[in-house]
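Undergrad: The following block contains the structure, expressed as structure tokens.
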Amino acid sequence: MMTNQGVSPSPDDEGDVPLDLLFWDAFVSAKTANERCSAWLALVCTRIEGAQGAAVLIENLDDHTFVPMAVWPKVSTDLGRLGAVVEAALRDRRGVMRPAPEPSSATHIAYPLMVDERIAGVVAVEALCQQSDIGDILREVHWGSAWLANLLAGRELGEAIRAKERVDSVMEATAVTLRHGKLQQALFEVANTLRQRFACARVAIGLVNRQTVKLFALSEAASFDKHSSLVKAYEQAMDEAYDAGHAVLSPGPDTTAVRAAKHDDLRRVSGAGTALSFPMAVSVNCCAVLTLERESGEFSTDDLLWLDAFSALAAPIIDQRRAAERGAFRRLGKDLQDVLEKIFGPRHLIWKAATAAVVVLTAVLILLPIEYRVSAKTVIEGEVQRVVAAPFEGFVGAAYVRAGDTVKADQLLAQLDDRELRIEEAKWSSERDQYDNRLREAMATHELTAMQVIGAQLQQSEAQLALVTEKIAHAQLKAPFDGIVVSGDLSQQIGAPVEVGKKLFEIAPLQSYRIILQVDEREIRHIQMGQAGRLMMTGIASEAMDFKVVKVTPVATAQEGKNFFRVEAVLAEASPRLRPGMEGIGKIEVGSHSLWWVLTHSFSDWLILTLWTWMP
């Protein structure tokens, strides 16, 4: 099939040579992936009747987005209308067709390109075609997509090979930082290695010291004059990169208005054509700066990727070795000596006041007794709770109350659907009447055997009828006593099935409560019967209520990875706004202890247990 629009080159430009042969020649002679993809797309579109436009989108391996690699017949912003069908194909992982938005009568078709069970690209086509032609279009794209799949697989293989080579070279360069015992010698060899790796004229490494960068190593120079103009130019350029917080390149791209003035000065002093400074950071703290110079040629994106990977590995090594060579114990002793001089020597009034405050605070923590209270999560329960369960398997017909409602004794709570039971009742009633009539006929004819059989069947039908009648009576769920519905809400489950014995409602009487405190096992040793406490509920935080412990359950329950003991208490006076199921925080008064003990006894217990665990 040949399309009659949007094709370039045209037969008039190439004589009588068919378009598909021209595109085949372009496909075979393509030297780049973009050229081959464009020729492939043109070949496919010439075989699709009514093709209006098409595009091939491939995955960007850096940010995993899909960008156009080839567009037919020419690049146009109008092809953005294919975005919806492309997103659908990526989401569904299969070929997708959708009608184009009004007023266009075209059809949008997208087909994913799979490489190793992963979508590596998408072919999107806009065509004026019949519904019956869509299968042919998908077939053309499917059979032709093998070329693109091979192309994308080769592209990914090339990226993987380059990434492996980059990792290998980065590891080799990183190993250089560990080769020597002294940091100065290690960085000197690293500078020489980087100079050879990037074909640079010079490579300099500076270390950050008190928010400034000092030159520490220079390639091909075992020693250098720290006061020379070249060294100062290096340090100023490194400071510029350190302040910027990212790589600085001179000369920079033409598209940016930011100029690297200190790097331009460095190039004038050293005579280099290109200068690049790359900060090396540990977490967010820059510890060193690399400066690379070339007499000619620019630094590529691959070079920046290499430096980024090298910085991630080498920066922590440099930072650790530098800290080790500073003498940690000597620094610690000097810092301690400085603190003692500020406390006991002249001046430094703030240090002396802070020390006095710490001493007073310590005395207060140790000597001041306070009432210690054990905090525990608290739940209000009714003293008696009745469950209203499903009497038989059925469906919810109606719901009249839900959790939080107050009910009276025998009040209707819910109604189970009894239509089938009514039908079954009519069925057994009818069968009972039939068996009764047949029994009368048998009795009239004196057929003893028939009388016995029919009599048994009559009894069975009457038993079934009684059972169904009982179920109908129990289909109405009623409250057993006056109280409040603690749990259960069937208003959103009308028509839902229920199983026999399933809990539908839980009802508790009003003004009759018990307090349940969940005490952590680390605090249960302080709890005894008769201890007093105060309770504050979430829903009525303005009212604190007194309670008294009446029972300590000697069985622990696990919740959220911790063990809790159940402690029961009774209220001295219940608030009229209290309801079963409310939660809050209760605090039990267990005696007086020092403030220090109150604040640290949990940690002390943990420390003792840990030491006991690890002791032989």
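We label chains A, B, ... in the order they appear in the structure tokens, count residues from 1 in each chain, and number ligands from 1 in the order shown.
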Taking only stretch 152-343 of chain A into account, list the residues labelled strand (DSSP E) by DSSP (computed from the backbone), as JSON, numbers by chain.
TA: {"A": [202, 203, 204, 205, 206, 207, 208, 209, 212, 213, 214, 215, 216, 217, 218, 248, 249, 250, 274, 275, 276, 277, 278, 279, 280, 281, 282, 285, 286, 287, 288, 289, 290, 291, 292, 293, 294]}
Undergrad: Do a neighbour search on A:Val364 at 9 Å with only C-alpha atoms, toss out local chain neighbours closer than 3 positions, and write the hits as a ChimeraX atom specification.
TA: /A:359-361,367-369,594-596
Undergrad: Given only C-alpha atoms as the basis, pick out the residue of A:Ala100, A:Ala54, A:Leu266, A:Arg577 nearest to A:Val123.
TA: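 Counting only C-alpha atoms, the residue closest to A:Val123 is A:Ala54.
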Undergrad: Please measure the separation of atom CA of A:Val485 and atom CA of A:Val407, giving the value in Å to one decimal.
TA: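 So the two atoms, atom CA of A:Val485 and atom CA of A:Val407, lie 7.3 Å apart.
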Undergrad: Which polymer residues have any atom within 8 Å of an atom of A:Ala272, counting only C-alpha atoms, with same-chain residues fewer than 6 positions away left out, as a PyMOL selection string?
TA: chain A and resi 201+293-296
Undergrad: Using only C-alpha atoms, which of A:Ala237, A:Ile588, A:Leu349, A:Ala275 sits nearest A:Val203?
TA: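 So, comparing all the options, the nearest one is A:Ala275.
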Undergrad: I need the residue nearest A:Tyr513 from this list: A:Lys214, A:Arg579, A:Arg432, A:Arg534. Use only C-alpha atoms for the distance.
TA: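 Looking at the shortest contact to A:Tyr513, the residue is A:Arg579.
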Undergrad: Identify all residues of stretch 135-271 of chain A in alpha helix (DSSP H) (DSSP on the backbone) and supply them as an mmCIF file with C-alpha atoms, in the first residue's frame.
TA:
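The resulting file, states_1.cif, is reproduced below:
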data_model
loop_
_atom_site.group_PDB
_atom_site.id
_atom_site.type_symbol
_atom_site.label_atom_id
_atom_site.label_comp_id
_atom_site.auth_asym_id
_atom_site.auth_seq_id
_atom_site.Cartn_x
_atom_site.Cartn_y
_atom_site.Cartn_z
ATOM 1 C CA GLY A 135 -5.479 -4.918 12.261
ATOM 2 C CA ASP A 136 -3.431 -4.606 9.039
ATOM 3 C CA ILE A 137 -1.754 -1.452 10.375
ATOM 4 C CA LEU A 138 -0.840 -3.119 13.670
ATOM 5 C CA ARG A 139 0.464 -6.129 11.741
ATOM 6 C CA GLU A 140 2.690 -3.908 9.556
ATOM 7 C CA VAL A 141 4.115 -2.158 12.632
ATOM 8 C CA HIS A 142 4.545 -5.441 14.529
ATOM 9 C CA TRP A 143 6.482 -7.244 11.783
ATOM 10 C CA GLY A 144 8.583 -4.182 11.045
ATOM 11 C CA SER A 145 9.340 -3.468 14.708
ATOM 12 C CA ALA A 146 11.960 -6.247 14.817
ATOM 13 C CA TRP A 147 14.396 -3.848 13.089
ATOM 14 C CA LEU A 148 13.813 -1.192 15.734
ATOM 15 C CA ALA A 149 13.956 -3.736 18.552
ATOM 16 C CA ASN A 150 17.395 -4.851 17.330
ATOM 17 C CA LEU A 151 18.447 -1.222 17.002
ATOM 18 C CA LEU A 152 17.342 -0.381 20.550
ATOM 19 C CA ALA A 153 18.890 -3.559 21.944
ATOM 20 C CA GLY A 154 22.180 -2.653 20.286
ATOM 21 C CA ARG A 155 21.883 0.873 21.698
ATOM 22 C CA GLU A 156 21.353 -0.450 25.204
ATOM 23 C CA LEU A 157 24.198 -2.926 24.784
ATOM 24 C CA GLY A 158 26.478 -0.080 23.763
ATOM 25 C CA GLU A 159 25.388 1.954 26.781
ATOM 26 C CA ALA A 160 25.992 -1.016 29.050
ATOM 27 C CA ILE A 161 29.466 -1.572 27.593
ATOM 28 C CA ARG A 162 30.353 2.104 28.026
ATOM 29 C CA ALA A 163 28.996 2.064 31.570
ATOM 30 C CA LYS A 164 31.073 -1.022 32.386
ATOM 31 C CA GLU A 165 34.201 0.560 30.929
ATOM 32 C CA ARG A 166 33.463 3.715 32.924
ATOM 33 C CA VAL A 167 33.029 1.740 36.141
ATOM 34 C CA ASP A 168 36.247 -0.217 35.513
ATOM 35 C CA SER A 169 38.267 2.928 34.935
ATOM 36 C CA VAL A 170 36.687 4.662 37.937
ATOM 37 C CA MET A 171 37.551 1.714 40.167
ATOM 38 C CA GLU A 172 41.145 1.730 38.900
ATOM 39 C CA ALA A 173 41.475 5.445 39.610
ATOM 40 C CA THR A 174 39.841 5.037 43.027
ATOM 41 C CA ALA A 175 42.270 2.283 43.910
ATOM 42 C CA VAL A 176 45.094 4.779 43.416
ATOM 43 C CA LEU A 183 47.527 11.318 51.554
ATOM 44 C CA GLN A 184 49.948 13.702 49.834
ATOM 45 C CA GLN A 185 51.530 10.903 47.791
ATOM 46 C CA ALA A 186 48.151 9.321 47.017
ATOM 47 C CA LEU A 187 46.658 12.567 45.675
ATOM 48 C CA PHE A 188 49.779 13.310 43.639
ATOM 49 C CA GLU A 189 49.435 9.945 41.896
ATOM 50 C CA VAL A 190 45.673 10.484 41.473
ATOM 51 C CA ALA A 191 46.403 13.811 39.729
ATOM 52 C CA ASN A 192 48.837 12.097 37.347
ATOM 53 C CA THR A 193 46.328 9.311 36.670
ATOM 54 C CA LEU A 194 43.551 11.784 35.852
ATOM 55 C CA ARG A 195 45.872 13.802 33.619
ATOM 56 C CA GLN A 196 46.555 10.706 31.526
ATOM 57 C CA ARG A 197 42.922 9.563 31.617
ATOM 58 C CA PHE A 198 41.552 12.849 30.239
ATOM 59 C CA SER A 229 50.557 33.334 40.765
ATOM 60 C CA LEU A 230 49.613 29.970 39.191
ATOM 61 C CA VAL A 231 48.878 28.374 42.574
ATOM 62 C CA LYS A 232 46.793 31.391 43.619
ATOM 63 C CA ALA A 233 44.887 31.210 40.320
ATOM 64 C CA TYR A 234 44.186 27.524 40.969
ATOM 65 C CA GLU A 235 42.932 28.229 44.487
ATOM 66 C CA GLN A 236 40.696 31.097 43.353
ATOM 67 C CA ALA A 237 39.175 28.922 40.606
ATOM 68 C CA MET A 238 38.613 26.110 43.120
ATOM 69 C CA ASP A 239 36.973 28.569 45.518
ATOM 70 C CA GLU A 240 34.661 29.605 42.673
ATOM 71 C CA ALA A 241 33.586 25.983 42.111
ATOM 72 C CA TYR A 242 33.266 25.420 45.878
ATOM 73 C CA ASP A 243 30.984 28.454 46.234
ATOM 74 C CA ALA A 244 28.927 27.388 43.203
ATOM 75 C CA ALA A 261 35.585 34.732 35.928
ATOM 76 C CA LYS A 262 38.197 32.998 38.108
ATOM 77 C CA HIS A 263 38.453 30.112 35.664
ATOM 78 C CA ASP A 264 38.956 32.582 32.821
ATOM 79 C CA ASP A 265 41.755 34.149 34.858
ATOM 80 C CA LEU A 266 43.268 30.683 35.409
ATOM 81 C CA ARG A 267 43.278 30.011 31.672
ATOM 82 C CA ARG A 268 45.021 33.309 31.035
ATOM 83 C CA VAL A 269 47.710 32.518 33.619
ATOM 84 C CA SER A 270 48.271 28.868 32.636
#
Undergrad: Grab the atom CA of A:Asp520 to atom CA of A:Arg566 distance for me, in Å with one decimal place.
TA: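 Going from atom CA of A:Asp520 over to atom CA of A:Arg566, I get 9.2 Å.
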Undergrad: Ranking A:Asp410, A:Ile454, A:Arg202, A:Ala479 by minimum distance to A:Asn437 and counting only C-alpha atoms, which one comes first?
TA: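 Checking each candidate against A:Asn437, we get A:Ile454 as the closest.
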Undergrad: How many Å lie between atom CA of A:Gly533 and atom CA of A:Gly581, rounded to one decimal?
TA: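 Answer for the atom CA of A:Gly533 to atom CA of A:Gly581 separation: 19.7 Å.
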Undergrad: For A:Phe395, please output as a short mmCIF file (atom, residue, chain, number, x, y, z; two decimals) with C-alpha atoms, in the first residue's frame all residues within 9 Å (counting only C-alpha atoms; exclusion window: fewer than 4 positions along the same chain).
TA:
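File part-v2.cif, as written:
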data_model
loop_
_atom_site.label_atom_id
_atom_site.label_comp_id
_atom_site.auth_asym_id
_atom_site.auth_seq_id
_atom_site.Cartn_x
_atom_site.Cartn_y
_atom_site.Cartn_z
CA LEU A 416 -32.75 -9.53 57.20
CA ASP A 417 -34.21 -10.18 53.75
CA ASP A 418 -36.97 -12.77 54.28
CA ILE A 494 -27.94 -3.29 52.27
CA GLY A 495 -28.18 -6.46 50.21
CA ALA A 496 -24.83 -7.79 51.43
CA PRO A 497 -24.68 -11.45 52.46
CA VAL A 498 -24.17 -12.41 56.09
CA GLU A 499 -23.07 -15.72 57.56
#
Undergrad: Name the closest residue to A:Asp405 among the candidates A:Gly488, A:Pro103, A:Gly345, A:Gly80; distances are taken between atoms, counting only C-alpha atoms.
TA: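 Of A:Gly488, A:Pro103, A:Gly345, A:Gly80, the one nearest A:Asp405, counting only C-alpha atoms, is A:Gly488.
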Undergrad: I want to know what sits within 12 Å of A:Gln459, based on only C-alpha atoms, with residues of the same chain fewer than 4 positions away left out; could you give that as a list in words?
TA: Trp428, Ser429, Glu431, Arg432, Asp433, Tyr435, Asp436, Leu439, Met451, Gln452, Val453, Ile454, Gly455, Ala463, Gln464, Leu465 and Ala466 of chain A
Undergrad: Pick the closest to A:Gly181 from A:Val519, A:Lys74, A:Ala324, A:Ala217: which is it, counting only C-alpha atoms?
TA: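 Closest residue, counting only C-alpha atoms: A:Ala324.
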Undergrad: When you look at A:Pro509 with a cut-off of 12 Å (counting only C-alpha atoms), what residues show up, excluding the ones that are within fewer than 6 positions of it in the same chain? I need them as an NGL selection string.
TA: :A and (381-386 or 405-409 or 479-486 or 578-580)
Undergrad: Could the residues in this selection be saved with N, CA, C and O atoms as a tab-separated table (two decimals), in the first residue's frame?
TA:
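The result, stored in again.tsv:
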chain	number	residue	atom	x	y	z
A	381	GLU	N	-15.07	0.38	78.34
A	381	GLU	CA	-15.92	-0.75	77.99
A	381	GLU	C	-17.15	-0.76	78.89
A	381	GLU	O	-17.10	-0.32	80.04
A	382	GLY	N	-18.27	-1.26	78.37
A	382	GLY	CA	-19.44	-1.48	79.20
A	382	GLY	C	-19.23	-2.70	80.09
A	382	GLY	O	-18.54	-3.66	79.72
A	383	GLU	N	-19.82	-2.67	81.26
A	383	GLU	CA	-19.68	-3.82	82.15
A	383	GLU	C	-20.29	-5.07	81.52
A	383	GLU	O	-19.81	-6.18	81.72
A	384	VAL	N	-21.36	-4.90	80.77
A	384	VAL	CA	-22.00	-6.01	80.07
A	384	VAL	C	-22.14	-5.61	78.61
A	384	VAL	O	-22.60	-4.50	78.32
A	385	GLN	N	-21.77	-6.50	77.73
A	385	GLN	CA	-21.90	-6.24	76.31
A	385	GLN	C	-22.55	-7.45	75.65
A	385	GLN	O	-22.09	-8.58	75.83
A	386	ARG	N	-23.62	-7.17	74.93
A	386	ARG	CA	-24.35	-8.23	74.25
A	386	ARG	C	-24.12	-8.11	72.75
A	386	ARG	O	-24.12	-7.01	72.18
A	405	ASP	N	-25.79	4.97	68.29
A	405	ASP	CA	-27.20	5.23	68.55
A	405	ASP	C	-27.62	4.61	69.88
A	405	ASP	O	-27.14	3.55	70.28
A	406	THR	N	-28.53	5.29	70.55
A	406	THR	CA	-29.11	4.79	71.80
A	406	THR	C	-30.40	4.03	71.47
A	406	THR	O	-31.23	4.53	70.69
A	407	VAL	N	-30.56	2.84	72.02
A	407	VAL	CA	-31.71	2.00	71.69
A	407	VAL	C	-32.44	1.59	72.97
A	407	VAL	O	-31.87	1.60	74.06
A	408	LYS	N	-33.71	1.21	72.79
A	408	LYS	CA	-34.53	0.69	73.87
A	408	LYS	C	-34.66	-0.82	73.73
A	408	LYS	O	-34.39	-1.39	72.67
A	409	ALA	N	-35.10	-1.48	74.79
A	409	ALA	CA	-35.29	-2.93	74.75
A	409	ALA	C	-36.33	-3.28	73.69
A	409	ALA	O	-37.36	-2.61	73.56
A	479	ALA	N	-33.11	-5.21	69.94
A	479	ALA	CA	-32.20	-4.91	71.05
A	479	ALA	C	-32.59	-5.74	72.26
A	479	ALA	O	-33.77	-5.81	72.60
A	480	PRO	N	-31.60	-6.34	72.96
A	480	PRO	CA	-31.92	-7.16	74.13
A	480	PRO	C	-32.25	-6.32	75.36
A	480	PRO	O	-32.93	-6.80	76.27
A	481	PHE	N	-31.75	-5.06	75.44
A	481	PHE	CA	-32.02	-4.20	76.59
A	481	PHE	C	-31.73	-2.76	76.19
A	481	PHE	O	-31.24	-2.48	75.10
A	482	ASP	N	-32.03	-1.84	77.10
A	482	ASP	CA	-31.71	-0.43	76.87
A	482	ASP	C	-30.20	-0.25	76.88
A	482	ASP	O	-29.52	-0.76	77.78
A	483	GLY	N	-29.69	0.49	75.92
A	483	GLY	CA	-28.24	0.71	75.90
A	483	GLY	C	-27.83	1.51	74.68
A	483	GLY	O	-28.65	2.19	74.05
A	484	ILE	N	-26.55	1.41	74.35
A	484	ILE	CA	-25.96	2.12	73.21
A	484	ILE	C	-25.30	1.12	72.29
A	484	ILE	O	-24.72	0.12	72.74
A	485	VAL	N	-25.42	1.36	71.01
A	485	VAL	CA	-24.80	0.48	70.01
A	485	VAL	C	-23.30	0.81	69.97
A	485	VAL	O	-22.91	1.90	69.54
A	486	VAL	N	-22.50	-0.12	70.43
A	486	VAL	CA	-21.05	0.09	70.49
A	486	VAL	C	-20.42	-0.09	69.12
A	486	VAL	O	-19.54	0.67	68.70
A	578	LEU	N	-19.67	10.21	78.69
A	578	LEU	CA	-18.84	9.04	78.45
A	578	LEU	C	-19.63	7.99	77.68
A	578	LEU	O	-20.82	7.78	77.92
A	579	ARG	N	-18.96	7.34	76.72
A	579	ARG	CA	-19.57	6.31	75.91
A	579	ARG	C	-18.62	5.13	75.77
A	579	ARG	O	-17.39	5.31	75.75
A	580	PRO	N	-19.17	3.91	75.68
A	580	PRO	CA	-18.30	2.74	75.47
A	580	PRO	C	-17.53	2.85	74.16
A	580	PRO	O	-18.05	3.34	73.16
Undergrad: Mind checking which residues fall within 7 Å of stretch 547-560 of chain A, counting only C-alpha atoms, ignoring those fewer than 5 positions away in the same chain, and posting them as a ChimeraX atom specification?
TA: /A:529-534,565-572
